[in-house]
Structure formats: structure tokens, C-alpha cells
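model.txt (compact mmCIF, C-alpha atoms)
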```
# COMPACT_ATOMS: atom_id res chain seq x y z
CA MET S 1 136.23 171.08 125.23
CA LYS S 2 134.32 168.00 124.11
CA LYS S 3 137.02 167.23 121.57
CA LEU S 4 139.70 167.58 124.25
CA LYS S 5 137.79 165.23 126.56
CA LEU S 6 137.41 162.74 123.70
CA VAL S 7 141.13 162.85 122.99
CA MET S 8 141.94 162.42 126.70
CA VAL S 9 139.57 159.43 127.01
CA ALA S 10 141.03 157.86 123.86
CA ALA S 11 144.58 158.40 125.12
CA LEU S 12 143.69 156.94 128.53
CA ALA S 13 142.11 153.92 126.87
CA LEU S 14 145.26 153.33 124.81
CA ILE S 15 147.44 153.57 127.91
CA ILE S 16 145.25 151.13 129.83
CA PHE S 17 145.05 148.76 126.86
CA ALA S 18 148.81 148.89 126.30
CA GLY S 19 149.35 148.32 130.02
CA CYS S 20 147.18 145.19 129.90
CA LYS S 21 149.09 143.89 126.90
CA LYS S 22 152.41 144.54 128.63
CA GLU S 23 151.10 142.76 131.72
CA THR S 24 150.07 139.77 129.58
CA GLN S 25 153.57 139.66 128.11
CA LYS S 26 155.16 139.69 131.56
CA GLU S 27 152.71 137.03 132.77
CA PHE S 28 153.71 134.78 129.86
CA THR S 29 157.40 135.22 130.66
CA SER S 30 156.77 134.62 134.35
CA ALA S 31 154.72 131.46 133.71
CA LEU S 32 157.40 130.11 131.40
CA ALA S 33 160.11 130.75 133.99
CA LYS S 34 157.99 129.16 136.73
CA GLN S 35 157.52 125.97 134.73
CA ALA S 36 161.24 125.86 133.93
CA GLU S 37 162.06 126.05 137.64
CA MET S 38 159.87 123.04 138.47
CA ASN S 39 162.01 119.92 138.75
CA ALA S 40 159.69 117.32 137.20
CA GLY S 41 157.00 116.77 134.63
CA ASP S 42 155.18 114.60 132.11
CA TYR S 43 155.49 115.22 128.39
CA SER S 44 154.41 113.98 124.97
CA ILE S 45 155.54 114.72 121.43
CA VAL S 46 153.45 113.64 118.44
CA ILE S 47 154.74 113.84 114.89
CA ASP S 48 151.40 114.55 113.26
CA LYS S 49 152.59 114.63 109.68
CA VAL S 50 155.86 114.38 107.77
CA SER S 51 156.58 114.90 104.09
CA ILE S 52 159.90 114.18 102.36
CA LYS S 53 160.43 115.29 98.76
CA ALA S 54 163.47 115.65 96.52
CA GLU S 55 164.08 117.48 93.31
CA ASP S 56 164.65 115.31 90.24
CA ALA S 57 164.10 112.11 92.26
CA ASP S 58 163.44 108.95 90.28
CA ALA S 59 160.35 106.77 90.85
CA PRO S 60 161.97 104.28 93.30
CA THR S 61 163.40 107.15 95.38
CA ARG S 62 160.02 108.93 95.49
CA THR S 63 158.36 105.68 96.60
CA SER S 64 160.94 105.22 99.37
CA MET S 65 160.42 108.79 100.56
CA GLU S 66 156.65 108.36 100.62
CA MET S 67 156.98 105.15 102.62
CA ALA S 68 159.35 106.82 105.09
CA SER S 69 156.94 109.75 105.49
CA LYS S 70 154.02 107.41 106.25
CA MET S 71 156.09 105.41 108.74
CA ILE S 72 157.22 108.51 110.65
CA SER S 73 153.83 110.26 110.62
CA GLY S 74 151.84 109.42 113.74
CA THR S 75 154.91 108.56 115.84
CA LYS S 76 154.46 109.47 119.50
CA ILE S 77 157.09 109.95 122.19
CA SER S 78 155.87 110.27 125.77
CA GLY S 79 157.23 109.93 129.27
CA ASP S 80 158.36 111.81 132.36
CA TYR S 81 161.46 113.58 133.63
CA LEU S 82 163.15 114.62 136.87
CA LYS S 83 165.77 117.38 137.21
CA ASP S 84 168.34 118.29 139.84
CA SER S 85 169.58 121.77 138.99
CA LYS S 86 172.12 121.89 141.81
CA LYS S 87 173.87 118.66 140.77
CA ASN S 88 173.16 119.16 137.05
CA LEU S 89 171.41 115.78 136.78
CA LEU S 90 168.51 114.70 134.60
CA ALA S 91 166.54 111.44 134.68
CA MET S 92 164.18 110.74 131.81
CA ASN S 93 161.82 107.96 130.76
CA MET S 94 160.42 107.88 127.26
CA GLU S 95 158.36 105.51 125.20
CA PHE S 96 158.49 105.46 121.41
CA ASP S 97 155.15 104.46 119.92
CA ALA S 98 155.43 103.86 116.17
CA LEU S 99 153.74 101.48 113.74
CA GLY S 100 151.80 99.93 116.61
CA GLN S 101 155.01 99.01 118.47
CA LYS S 102 156.35 100.50 121.70
CA ILE S 103 160.00 100.79 122.74
CA PRO S 104 160.82 102.09 126.26
CA ILE S 105 163.98 104.13 126.79
CA GLU S 106 165.39 105.21 130.15
CA PHE S 107 168.46 107.37 130.57
CA PHE S 108 170.30 109.61 133.02
CA SER S 109 172.36 112.67 132.10
CA ASP S 110 175.22 113.82 134.33
CA GLN S 111 175.91 117.23 132.85
CA LYS S 112 178.63 118.04 135.37
CA ASN S 113 180.74 115.06 134.30
CA LYS S 114 179.40 115.16 130.74
CA SER S 115 178.24 111.55 130.68
CA VAL S 116 175.04 109.61 129.94
CA TYR S 117 173.65 106.33 131.30
CA LEU S 118 171.35 104.52 128.86
CA SER S 119 169.27 101.51 129.92
CA THR S 120 169.80 98.40 127.76
CA GLU S 121 166.13 97.42 128.09
CA PHE S 122 165.35 98.89 124.67
CA LEU S 123 167.62 96.29 123.02
CA THR S 124 165.41 93.43 124.20
CA GLU S 125 162.25 95.20 123.04
CA ALA S 126 163.78 96.14 119.69
CA THR S 127 164.89 92.54 119.13
CA GLU S 128 161.39 91.19 119.77
CA ILE S 129 159.83 93.78 117.48
CA ALA S 130 162.33 92.98 114.72
CA LYS S 131 161.39 89.29 114.94
CA GLU S 132 157.72 90.19 114.47
CA PHE S 133 158.67 91.89 111.18
CA GLY S 134 160.74 88.91 110.09
CA LYS S 135 164.05 90.66 110.76
CA GLU S 136 166.93 89.73 113.01
CA ILE S 137 168.96 92.15 115.13
CA PRO S 138 172.50 90.72 115.35
CA ILE S 139 172.64 90.19 119.13
CA ASN S 140 172.52 86.69 120.56
CA ASP S 141 170.34 85.70 123.52
CA GLN S 142 173.33 85.16 125.83
CA ASP S 143 174.55 88.74 125.32
CA LEU S 144 171.03 90.06 125.92
CA LYS S 145 170.86 88.17 129.22
CA GLU S 146 174.22 89.61 130.32
CA LEU S 147 173.02 93.13 129.46
CA GLN S 148 169.66 92.77 131.24
CA GLY S 149 169.26 95.39 133.97
CA LYS S 150 172.43 97.20 132.90
CA TYR S 151 173.09 100.75 131.76
CA VAL S 152 175.49 101.76 129.01
CA HIS S 153 177.86 104.38 130.45
CA ILE S 154 178.60 106.84 127.64
CA THR S 155 181.46 109.15 128.62
CA GLU S 156 182.54 112.46 127.16
CA GLU S 157 185.35 110.62 125.38
CA ASP S 158 182.84 108.20 123.83
CA MET S 159 180.77 111.11 122.55
CA LYS S 160 183.82 112.74 121.01
CA LYS S 161 184.68 109.49 119.19
CA THR S 162 181.12 109.23 117.88
CA ALA S 163 181.24 112.82 116.67
CA GLU S 164 184.53 112.38 114.79
CA GLY S 165 184.18 112.86 111.07
CA LYS S 166 180.58 114.05 111.35
CA THR S 167 179.23 117.49 110.65
CA SER S 168 178.08 119.16 113.84
CA LYS S 169 174.41 120.06 113.87
CA ALA S 170 174.40 122.84 116.43
CA THR S 171 171.34 123.26 118.61
CA ILE S 172 170.81 126.49 120.41
CA SER S 173 168.49 125.07 123.08
CA GLY S 174 171.12 122.91 124.75
CA ASN S 175 173.46 125.83 125.41
CA ILE S 176 171.11 128.76 126.10
CA ASP S 177 169.93 129.53 129.61
CA SER S 178 166.17 129.95 130.01
CA LYS S 179 166.69 133.36 131.66
CA LEU S 180 168.29 134.69 128.49
CA PHE S 181 165.24 133.58 126.50
CA SER S 182 162.91 135.13 129.09
CA ASP S 183 164.82 138.42 128.76
CA TYR S 184 164.46 138.20 125.00
CA LEU S 185 160.69 137.66 125.32
CA ASP S 186 160.46 141.02 127.10
CA THR S 187 161.78 142.73 123.96
CA LEU S 188 158.99 141.39 121.74
CA ASP S 189 155.86 143.26 120.68
CA SER S 190 153.41 143.06 123.60
CA ASP S 191 150.47 142.95 121.17
CA SER S 192 151.64 139.54 119.95
CA PHE S 193 150.64 137.87 123.25
CA GLU S 194 147.01 136.78 123.53
CA LYS S 195 145.27 136.01 126.83
CA THR S 196 142.05 134.03 127.29
CA ASP S 197 141.05 133.23 130.88
CA ASP S 198 144.03 131.31 132.39
CA THR S 199 145.84 130.74 129.09
CA ILE S 200 148.32 132.94 127.25
CA LYS S 201 149.31 132.23 123.65
CA ARG S 202 152.06 133.46 121.37
CA THR S 203 153.15 132.39 117.87
CA PHE S 204 156.87 132.42 117.08
CA THR S 205 158.28 132.56 113.54
CA LYS S 206 161.65 132.22 111.84
CA LYS S 207 162.03 135.98 112.29
CA ASP S 208 161.76 135.49 116.07
CA ILE S 209 164.47 132.80 115.98
CA GLN S 210 166.74 135.13 114.03
CA GLY S 211 165.97 137.86 116.55
CA PHE S 212 166.85 135.58 119.46
CA ILE S 213 170.12 134.56 117.79
CA LYS S 214 171.06 138.22 117.44
CA TYR S 215 170.02 138.89 121.06
CA ALA S 216 172.06 135.92 122.34
CA LYS S 217 175.13 137.03 120.39
CA GLU S 218 174.87 140.46 121.97
CA ASN S 219 173.78 139.60 125.52
CA GLY S 220 174.71 135.96 126.20
CA ASN S 221 177.74 134.60 127.99
CA LYS S 222 180.68 133.05 126.11
CA ASP S 223 179.02 129.63 125.61
CA GLU S 224 175.67 131.16 124.64
CA LYS S 225 177.29 133.46 122.09
CA LYS S 226 179.14 130.51 120.54
CA ALA S 227 175.96 128.38 120.43
CA ALA S 228 174.08 131.23 118.75
CA LYS S 229 176.78 131.67 116.10
CA ASP S 230 176.88 127.92 115.40
CA PHE S 231 173.09 127.74 115.05
CA GLU S 232 173.07 130.77 112.77
CA LYS S 233 175.10 128.80 110.20
CA ASN S 234 172.16 126.39 109.68
CA ILE S 235 169.27 128.83 109.90
CA ASP S 236 169.11 129.33 106.12
CA GLN S 237 168.05 125.67 105.71
CA LEU S 238 164.86 126.51 107.61
CA THR S 239 162.31 127.70 105.03
CA LYS S 240 159.30 127.74 107.36
CA TYR S 241 158.90 127.96 111.13
CA GLU S 242 155.61 128.53 112.92
CA GLN S 243 155.48 127.66 116.63
CA THR S 244 152.39 128.43 118.69
CA THR S 245 152.90 128.02 122.43
CA THR S 246 149.99 128.16 124.87
CA LEU S 247 150.65 128.35 128.61
CA ASN S 248 148.10 127.67 131.34
CA THR S 249 149.18 129.82 134.28
CA LYS S 250 147.04 127.90 136.79
CA LYS S 251 147.66 124.31 135.70
CA ASN S 252 151.33 124.87 134.77
CA THR S 253 150.84 123.21 131.40
CA GLN S 254 152.39 124.06 128.07
CA LYS S 255 151.08 123.08 124.64
CA THR S 256 153.05 123.78 121.48
CA THR S 257 152.12 123.18 117.86
CA LEU S 258 154.96 123.41 115.40
CA LYS S 259 154.92 123.62 111.61
CA LEU S 260 158.30 123.67 109.95
CA ALA S 261 160.05 123.03 106.65
CA ALA S 262 163.74 122.66 105.88
CA LYS S 263 165.60 122.30 102.61
CA SER S 264 169.06 120.81 102.13
CA ASP S 265 170.90 119.10 99.27
CA GLY S 266 167.84 119.23 97.02
CA ALA S 267 165.55 117.56 99.56
CA THR S 268 162.70 119.28 101.41
CA VAL S 269 161.29 117.99 104.68
CA THR S 270 158.09 119.39 106.17
CA ALA S 271 156.69 118.38 109.54
CA ASP S 272 153.79 119.16 111.87
CA LEU S 273 154.29 118.38 115.56
CA THR S 274 152.26 118.72 118.75
CA MET S 275 154.05 118.89 122.12
CA ASN S 276 152.54 118.89 125.60
CA ASN S 277 154.25 119.35 128.95
CA GLN S 278 152.85 119.21 132.48
CA ALA S 279 155.43 120.74 134.82
CA LYS S 280 155.36 119.90 138.54
CA ASP S 281 157.48 119.80 141.66
CA SER S 282 158.74 116.50 143.07
CA LYS S 283 160.61 115.47 146.19
CA LYS S 284 162.17 112.47 144.45
CA LYS S 285 165.95 112.30 144.23
CA ILE S 286 167.98 111.20 141.23
CA GLN S 287 170.21 108.18 141.83
CA LEU S 288 172.71 107.45 139.08
CA PRO S 289 173.31 103.75 138.29
CA LYS S 290 176.01 102.08 140.37
CA LYS S 291 179.23 101.08 138.64
CA ALA S 292 178.36 97.38 139.03
CA ASP S 293 175.19 98.00 137.03
CA THR S 294 176.94 99.64 134.07
CA VAL S 295 178.74 98.46 130.95
CA SER S 296 181.16 100.53 128.90
CA MET S 297 180.47 101.76 125.40
CA GLU S 298 183.50 99.76 124.30
CA LYS S 299 181.87 96.55 125.57
CA ILE S 300 178.66 97.31 123.67
CA GLU S 301 180.65 97.96 120.49
CA GLU S 302 182.44 94.62 120.93
CA ILE S 303 179.13 92.76 121.31
CA LEU S 304 177.60 94.45 118.26
CA SER S 305 180.74 93.93 116.18
CA SER S 306 180.90 90.25 117.10
CA ALA S 307 177.19 89.80 116.42
CA GLN S 308 177.44 91.50 113.03
CA SER S 309 180.38 89.28 112.10
CA SER S 310 178.41 86.19 113.08
CA SER S 311 175.35 87.30 111.15
CA ALA S 312 177.51 87.85 108.06
CA LEU S 313 178.73 84.24 108.03
CA ILE S 314 177.31 81.78 105.53
CA SER S 315 174.87 79.25 106.98
CA GLU S 316 175.91 75.63 107.41
CA THR S 317 173.32 74.49 104.85
CA ASP S 318 174.52 76.96 102.22
CA PHE S 319 178.13 76.00 102.95
CA ASN S 320 177.42 72.31 102.43
CA ASP S 321 175.68 73.15 99.15
CA LEU S 322 178.77 75.10 98.09
CA LEU S 323 181.09 72.17 98.85
CA GLU S 324 178.80 69.82 96.94
CA ALA S 325 178.83 72.13 93.91
CA ILE S 326 182.64 72.32 93.96
CA ARG S 327 183.07 68.55 94.25
CA SER S 328 180.55 67.87 91.49
CA SER S 329 182.34 70.27 89.17
CA GLY S 330 185.22 67.81 88.97
CA SER S 331 188.15 69.18 86.97
CA GLN S 332 186.17 71.95 85.28
CA LEU S 333 187.48 74.75 87.54
CA THR S 334 190.56 76.65 86.43
CA GLN S 335 193.19 77.90 88.89
CA THR S 336 191.94 81.45 88.35
CA GLN S 337 188.39 80.40 89.26
CA ILE S 338 189.66 78.51 92.33
CA ASP S 339 191.54 81.60 93.57
CA GLN S 340 188.46 83.76 92.94
CA ILE S 341 186.22 81.40 94.99
CA LYS S 342 188.68 81.54 97.91
CA ARG S 343 188.79 85.34 97.88
CA THR S 344 185.01 85.64 97.55
CA TYR S 345 184.01 83.31 100.38
CA LYS S 346 186.82 83.80 102.92
CA PRO S 347 185.18 86.81 104.70
CA TYR S 348 181.98 84.80 105.23
CA LEU S 349 183.44 81.54 106.55
CA THR S 350 184.74 80.37 109.91
CA GLU S 351 188.33 79.12 110.04
CA GLU S 352 187.12 75.51 109.99
CA GLN S 353 184.80 76.14 107.02
CA TYR S 354 187.53 77.88 105.05
CA LYS S 355 189.89 74.96 105.70
CA GLN S 356 187.27 72.56 104.29
CA LEU S 357 186.78 74.85 101.28
CA GLU S 358 190.51 74.83 100.56
CA GLU S 359 190.64 71.03 100.78
CA ALA S 360 187.71 70.68 98.35
CA LEU S 361 189.30 73.14 95.90
CA ASP S 362 192.70 71.47 96.20
CA GLN S 363 191.13 68.13 95.30
CA THR S 364 189.53 69.75 92.26
CA SER S 365 192.89 71.24 91.29
CA GLN S 366 194.61 67.85 91.58
CA MET S 367 191.95 66.25 89.40
CA ALA S 368 192.58 68.88 86.77
CA ALA S 369 196.30 68.16 86.85
```
Is it possible to give me this structure as C-alpha cells?
Amino acid sequence: MKKLKLVMVAALALIIFAGCKKETQKEFTSALAKQAEMNAGDYSIVIDKVSIKAEDADAPTRTSMEMASKMISGTKISGDYLKDSKKNLLAMNMEFDALGQKIPIEFFSDQKNKSVYLSTEFLTEATEIAKEFGKEIPINDQDLKELQGKYVHITEEDMKKTAEGKTSKATISGNIDSKLFSDYLDTLDSDSFEKTDDTIKRTFTKKDIQGFIKYAKENGNKDEKKAAKDFEKNIDQLTKYEQTTTLNTKKNTQKTTLKLAAKSDGATVTADLTMNNQAKDSKKKIQLPKKADTVSMEKIEEILSSAQSSSALISETDFNDLLEAIRSSGSQLTQTQIDQIKRTYKPYLTEEQYKQLEEALDQTSQMAA
């Protein structure tokens, strides 16, 4: 009888314990869904450490990779967001903090019309930062003034043009509904969820991602199934994935630490990241920029193209030195050399400069004759 009682107590304890674990799992899913439903929040992403290595890389390449790793490590992105689920709108502010410099970026996403509005403010900041490092971004001051306070309107057509000729890097997050992920969480081992006071933690691995892809392919809608299949094509590049997410059910916060490694074309990239999100409700409304406050992507491309052409031109001082060298050479230049000089310098000269170059070369040719 004692043994029977012992077995019954043990069985009851297992049932109660399993019930608590299952409850913790449901609480995690519920807290995640609650935060996703909130229409606003503050966030931060810190790239704690990055390493880039390549097989059989020579010394200069290894040095460049090490420098790139050091520059990226410590980068922080922070800001806030506002969502309108009914109108499929998103407004987001972010600030890139890298190498002691800060670049603000503001954009709006109109998912219904598949377009994005990007503030041009970052161009001014990027230009100033470039000057501090002794570099020049090829945009003149007049163009910057005209763009001040404007938003670049990037349409679906613009995005298609940008994507032409490039390999698509599918991302499953942009096409998967949060409810599908919540349903998938319910299929996981309840013992893998840990609760301490108001926080619940769970660590996800590459195996979990593969499991979610399989679940999405079997249970998702048409778009979700396609996104899962596209993402599955790149999953083999991921050699390590360890994501620990901690939710605070009272404060509606989410902290995620991520350790990952990916290998492609002989190069291996490893990264450690820390992400924080404070979800909240807001009564603010999203107002897309007015048409008068926008510029087309085509206009931006024209400005950049013109600026790059101008920056590629030879300076007036260097041009004068070139003319002086040609004139001082007298009759020493052959016709072949004259033709070569014309071909070499034509792309870097204005029409007026090229005309002067031709005259100087013609004079040299006449002297030779």
C-alpha cells in the first residue's frame, strides 16, 4: 500500500510539474503575442562582436577583414517605431552609432502600396562625417539644400529595378505572420521554457528554425509557404544559431542575445548581438509625407550620377599642369602618343578643357611636322 501511495504521489507530482511547464509555455506565447499587438515601442540592437575570416586569404585580405570586424563591432542601432495594422503602415526612427559618429534615419513603410519614404536628413549627416575623416561624398551643397526636409519616395517599381540582377536573400520574418510562429511555439517541448518571477526565457537553435520552416510549409498560407521554401535554400549557410529570448510579462519587454555563424564562398562570419525591445501602446497616428515634401528615386539617382561625374573630373590645377607638360614637350610627342593622351583624358575633362587639350596637342603635332 505504501508503494502504491508513493507511486500515486510521484505521478501526481509529475502531472502538476508538467502542467506548470505547459502553463509557462503558454504564458510565453501569450506575452509574445501581446507585445506584437502593441502598436509602438523603443528598441536597440548592439553588434557586440563580429569576426570575418576566409580560407587561404593572403595577408592584405586578412588585414582588411580584421579592420572591418573591428569597425563593425560595437555598432549600435536604436530608435522607436509606430505601427498601424489596419492601414498597414509603419513609421520608424533609428540612429546608427558607429566609430563615435551618429547618423539618424527616419522612414515610413506603406505596405499596402508597397512603397517606402526615406528622410534625406542622413545625407547631410553622412557628408559632415565624411569630411571629418578627410573624405568627400559627391553631393554639392546646393543639392543638399534642395533635399533638406524632403523624403525619397521609393516605389515598388524602384525596388524591382534595384533588385534586378541581384541574388534574392529571402527572409522568413518579413512574410510570416506572428500567429503562425505562436502556433509553432505551442508544438515545442514545454520543458525548454524557463520561468523566473515575471520573466520567461527560451533558447532557440538552428534545429528550431528548421522546425519552423517545416511547420510553415505545412500550415502557412500561400505567401508563408513560399517564404519558408525560399529561406530553406539558404539555411545550410548557417553553421551556428543560438538565440536566447527573455520576456518580461509585466513590463512588456523583450531581450534577445544572438550568437550566429555563417559560411559562404570560403568566408566565415561570426557575430554576437544583443537586442532589446520595449513594446507599448500609443494613440499617435501615422502621417505619410505629402507629395510636395517628396522627391523621386529617379531624381536622387540623377543628383548622385551628376555629382559622381563632377567628382571624377580633373582639377583645374592638375589640368593646367598637364597643358604645361604638353607644351614643354615641344615636338617630342608622336601621333600615336597624342591620340593616346586624348583617349586617356577625355572622360575626365569638361568640354572646354578637352577643347584646350586638343589645341595644345595640335600645336605640338604641327611643330613636329
**OP:** Go ahead and compute the interatomic distance for atom CA of Phe28 of chain S and atom CA of Val46 of chain S, in Å to one decimal.
**Re:** 24.0 Å
Original post:
Between atom CA of Lys114 of chain S and atom CA of Lys280 of chain S, what is the distance, to one decimal in Å?
Top reply: 25.7 Å
Original post:
Counting only C-alpha atoms, which of S:Leu147, S:Ile235, S:Leu260, S:Ile338 gets nearest to Val295 of chain S?
Top reply: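 Closest residue, counting only C-alpha atoms: S:Leu147.
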Original post:
What separation in Å, quoted to one decimal, exists between atom CA of Tyr345 of chain S and atom CA of Ile303 of chain S?
Top reply: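 Between atom CA of Tyr345 of chain S and atom CA of Ile303 of chain S the gap works out to 23.5 Å.
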Subject >> Selection: 7 Å around Gln148 of chain S, all atoms listed in the file, excl. self and same-chain fewer than 4 positions, as a PyMOL selection string >> reply: chain S and resi 120-121+144
**OP:** Find the residues around Lys53 of chain S up to 9 Å (only C-alpha atoms counted), leave out those fewer than 6 positions away in its own chain, and share them as JSON, numbers by chain.
**Re:** {"S": [62, 65, 66, 266, 267, 268, 269, 270]}
Original post:
Excluding same-chain residues fewer than 4 positions from Lys86 of chain S, what lies within 12 Å of it counting all atoms listed in the file, as a list of chain:residue names?
Top reply: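 Result of the neighbour search: S:Glu37, S:Asn39, S:Leu90, S:Asp110, S:Gln111, S:Lys112, S:Lys285, S:Ile286.
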Mind filling out segment 193-204 of chain S with all heavy atoms and sending it as a PDB file, in the coordinates of the input?
```pdb
ATOM      1  N   PHE S 193     151.025 138.831 122.212  1.00  0.00           N
ATOM      2  CA  PHE S 193     150.640 137.870 123.250  1.00  0.00           C
ATOM      3  C   PHE S 193     149.130 137.952 123.461  1.00  0.00           C
ATOM      4  O   PHE S 193     148.586 139.038 123.676  1.00  0.00           O
ATOM      5  CB  PHE S 193     151.366 138.164 124.557  1.00  0.00           C
ATOM      6  CG  PHE S 193     152.863 137.975 124.479  1.00  0.00           C
ATOM      7  CD1 PHE S 193     153.675 138.968 123.964  1.00  0.00           C
ATOM      8  CD2 PHE S 193     153.449 136.792 124.911  1.00  0.00           C
ATOM      9  CE1 PHE S 193     155.055 138.798 123.889  1.00  0.00           C
ATOM     10  CE2 PHE S 193     154.824 136.606 124.833  1.00  0.00           C
ATOM     11  CZ  PHE S 193     155.625 137.615 124.309  1.00  0.00           C
ATOM     12  N   GLU S 194     148.466 136.817 123.396  1.00  0.00           N
ATOM     13  CA  GLU S 194     147.010 136.780 123.530  1.00  0.00           C
ATOM     14  C   GLU S 194     146.612 136.039 124.803  1.00  0.00           C
ATOM     15  O   GLU S 194     147.083 134.929 125.049  1.00  0.00           O
ATOM     16  CB  GLU S 194     146.387 136.070 122.320  1.00  0.00           C
ATOM     17  CG  GLU S 194     146.735 136.692 120.982  1.00  0.00           C
ATOM     18  CD  GLU S 194     146.198 135.875 119.829  1.00  0.00           C
ATOM     19  OE1 GLU S 194     145.153 135.221 120.011  1.00  0.00           O
ATOM     20  OE2 GLU S 194     146.825 135.872 118.762  1.00  0.00           O
ATOM     21  N   LYS S 195     145.728 136.641 125.582  1.00  0.00           N
ATOM     22  CA  LYS S 195     145.270 136.010 126.830  1.00  0.00           C
ATOM     23  C   LYS S 195     143.780 135.698 126.770  1.00  0.00           C
ATOM     24  O   LYS S 195     142.968 136.527 126.375  1.00  0.00           O
ATOM     25  CB  LYS S 195     145.558 136.906 128.027  1.00  0.00           C
ATOM     26  CG  LYS S 195     145.160 136.267 129.351  1.00  0.00           C
ATOM     27  CD  LYS S 195     145.612 137.090 130.548  1.00  0.00           C
ATOM     28  CE  LYS S 195     145.237 136.374 131.850  1.00  0.00           C
ATOM     29  NZ  LYS S 195     145.668 137.116 133.055  1.00  0.00           N
ATOM     30  N   THR S 196     143.449 134.454 127.168  1.00  0.00           N
ATOM     31  CA  THR S 196     142.050 134.030 127.290  1.00  0.00           C
ATOM     32  C   THR S 196     141.914 133.255 128.599  1.00  0.00           C
ATOM     33  O   THR S 196     142.487 132.163 128.751  1.00  0.00           O
ATOM     34  CB  THR S 196     141.635 133.117 126.119  1.00  0.00           C
ATOM     35  OG1 THR S 196     141.888 133.796 124.877  1.00  0.00           O
ATOM     36  CG2 THR S 196     140.166 132.754 126.222  1.00  0.00           C
ATOM     37  N   ASP S 197     141.204 133.830 129.550  1.00  0.00           N
ATOM     38  CA  ASP S 197     141.050 133.230 130.880  1.00  0.00           C
ATOM     39  C   ASP S 197     142.431 132.940 131.497  1.00  0.00           C
ATOM     40  O   ASP S 197     143.198 133.866 131.696  1.00  0.00           O
ATOM     41  CB  ASP S 197     140.208 131.952 130.791  1.00  0.00           C
ATOM     42  CG  ASP S 197     138.794 132.233 130.297  1.00  0.00           C
ATOM     43  OD1 ASP S 197     138.279 133.314 130.630  1.00  0.00           O
ATOM     44  OD2 ASP S 197     138.229 131.376 129.592  1.00  0.00           O
ATOM     45  N   ASP S 198     142.750 131.650 131.741  1.00  0.00           N
ATOM     46  CA  ASP S 198     144.030 131.310 132.390  1.00  0.00           C
ATOM     47  C   ASP S 198     145.125 130.954 131.382  1.00  0.00           C
ATOM     48  O   ASP S 198     146.213 130.525 131.772  1.00  0.00           O
ATOM     49  CB  ASP S 198     143.846 130.131 133.352  1.00  0.00           C
ATOM     50  CG  ASP S 198     142.912 130.469 134.498  1.00  0.00           C
ATOM     51  OD1 ASP S 198     142.906 131.645 134.919  1.00  0.00           O
ATOM     52  OD2 ASP S 198     142.195 129.570 134.966  1.00  0.00           O
ATOM     53  N   THR S 199     144.840 131.117 130.101  1.00  0.00           N
ATOM     54  CA  THR S 199     145.840 130.740 129.090  1.00  0.00           C
ATOM     55  C   THR S 199     146.379 131.962 128.357  1.00  0.00           C
ATOM     56  O   THR S 199     145.655 132.939 128.124  1.00  0.00           O
ATOM     57  CB  THR S 199     145.255 129.769 128.050  1.00  0.00           C
ATOM     58  OG1 THR S 199     144.212 130.418 127.319  1.00  0.00           O
ATOM     59  CG2 THR S 199     144.724 128.522 128.724  1.00  0.00           C
ATOM     60  N   ILE S 200     147.668 131.882 128.019  1.00  0.00           N
ATOM     61  CA  ILE S 200     148.320 132.940 127.250  1.00  0.00           C
ATOM     62  C   ILE S 200     149.012 132.271 126.061  1.00  0.00           C
ATOM     63  O   ILE S 200     149.711 131.263 126.225  1.00  0.00           O
ATOM     64  CB  ILE S 200     149.364 133.703 128.091  1.00  0.00           C
ATOM     65  CG1 ILE S 200     148.723 134.235 129.370  1.00  0.00           C
ATOM     66  CG2 ILE S 200     149.955 134.860 127.285  1.00  0.00           C
ATOM     67  CD1 ILE S 200     149.708 134.877 130.328  1.00  0.00           C
ATOM     68  N   LYS S 201     148.806 132.846 124.877  1.00  0.00           N
ATOM     69  CA  LYS S 201     149.310 132.230 123.650  1.00  0.00           C
ATOM     70  C   LYS S 201     150.183 133.210 122.884  1.00  0.00           C
ATOM     71  O   LYS S 201     149.960 134.417 122.871  1.00  0.00           O
ATOM     72  CB  LYS S 201     148.137 131.777 122.783  1.00  0.00           C
ATOM     73  CG  LYS S 201     148.528 131.134 121.474  1.00  0.00           C
ATOM     74  CD  LYS S 201     147.297 130.596 120.745  1.00  0.00           C
ATOM     75  CE  LYS S 201     146.438 131.722 120.208  1.00  0.00           C
ATOM     76  NZ  LYS S 201     145.306 131.225 119.387  1.00  0.00           N
ATOM     77  N   ARG S 202     151.214 132.640 122.230  1.00  0.00           N
ATOM     78  CA  ARG S 202     152.060 133.460 121.370  1.00  0.00           C
ATOM     79  C   ARG S 202     152.600 132.602 120.241  1.00  0.00           C
ATOM     80  O   ARG S 202     152.973 131.454 120.460  1.00  0.00           O
ATOM     81  CB  ARG S 202     153.226 134.045 122.162  1.00  0.00           C
ATOM     82  CG  ARG S 202     153.708 135.415 121.650  1.00  0.00           C
ATOM     83  CD  ARG S 202     154.849 135.271 120.662  1.00  0.00           C
ATOM     84  NE  ARG S 202     155.323 136.601 120.243  1.00  0.00           N
ATOM     85  CZ  ARG S 202     156.211 136.806 119.292  1.00  0.00           C
ATOM     86  NH1 ARG S 202     156.714 135.770 118.630  1.00  0.00           N
ATOM     87  NH2 ARG S 202     156.581 138.022 118.963  1.00  0.00           N
ATOM     88  N   THR S 203     152.617 133.121 119.012  1.00  0.00           N
ATOM     89  CA  THR S 203     153.150 132.390 117.870  1.00  0.00           C
ATOM     90  C   THR S 203     154.523 132.950 117.502  1.00  0.00           C
ATOM     91  O   THR S 203     154.685 134.165 117.325  1.00  0.00           O
ATOM     92  CB  THR S 203     152.207 132.510 116.647  1.00  0.00           C
ATOM     93  OG1 THR S 203     150.948 131.891 116.965  1.00  0.00           O
ATOM     94  CG2 THR S 203     152.804 131.804 115.440  1.00  0.00           C
ATOM     95  N   PHE S 204     155.500 132.049 117.412  1.00  0.00           N
ATOM     96  CA  PHE S 204     156.870 132.420 117.080  1.00  0.00           C
ATOM     97  C   PHE S 204     157.173 132.004 115.640  1.00  0.00           C
ATOM     98  O   PHE S 204     156.749 130.944 115.188  1.00  0.00           O
ATOM     99  CB  PHE S 204     157.855 131.739 118.028  1.00  0.00           C
ATOM    100  CG  PHE S 204     157.668 132.109 119.472  1.00  0.00           C
ATOM    101  CD1 PHE S 204     156.748 131.428 120.268  1.00  0.00           C
ATOM    102  CD2 PHE S 204     158.395 133.141 120.047  1.00  0.00           C
ATOM    103  CE1 PHE S 204     156.565 131.766 121.601  1.00  0.00           C
ATOM    104  CE2 PHE S 204     158.218 133.495 121.377  1.00  0.00           C
ATOM    105  CZ  PHE S 204     157.296 132.810 122.154  1.00  0.00           C
TER     106      PHE S 204
END
```
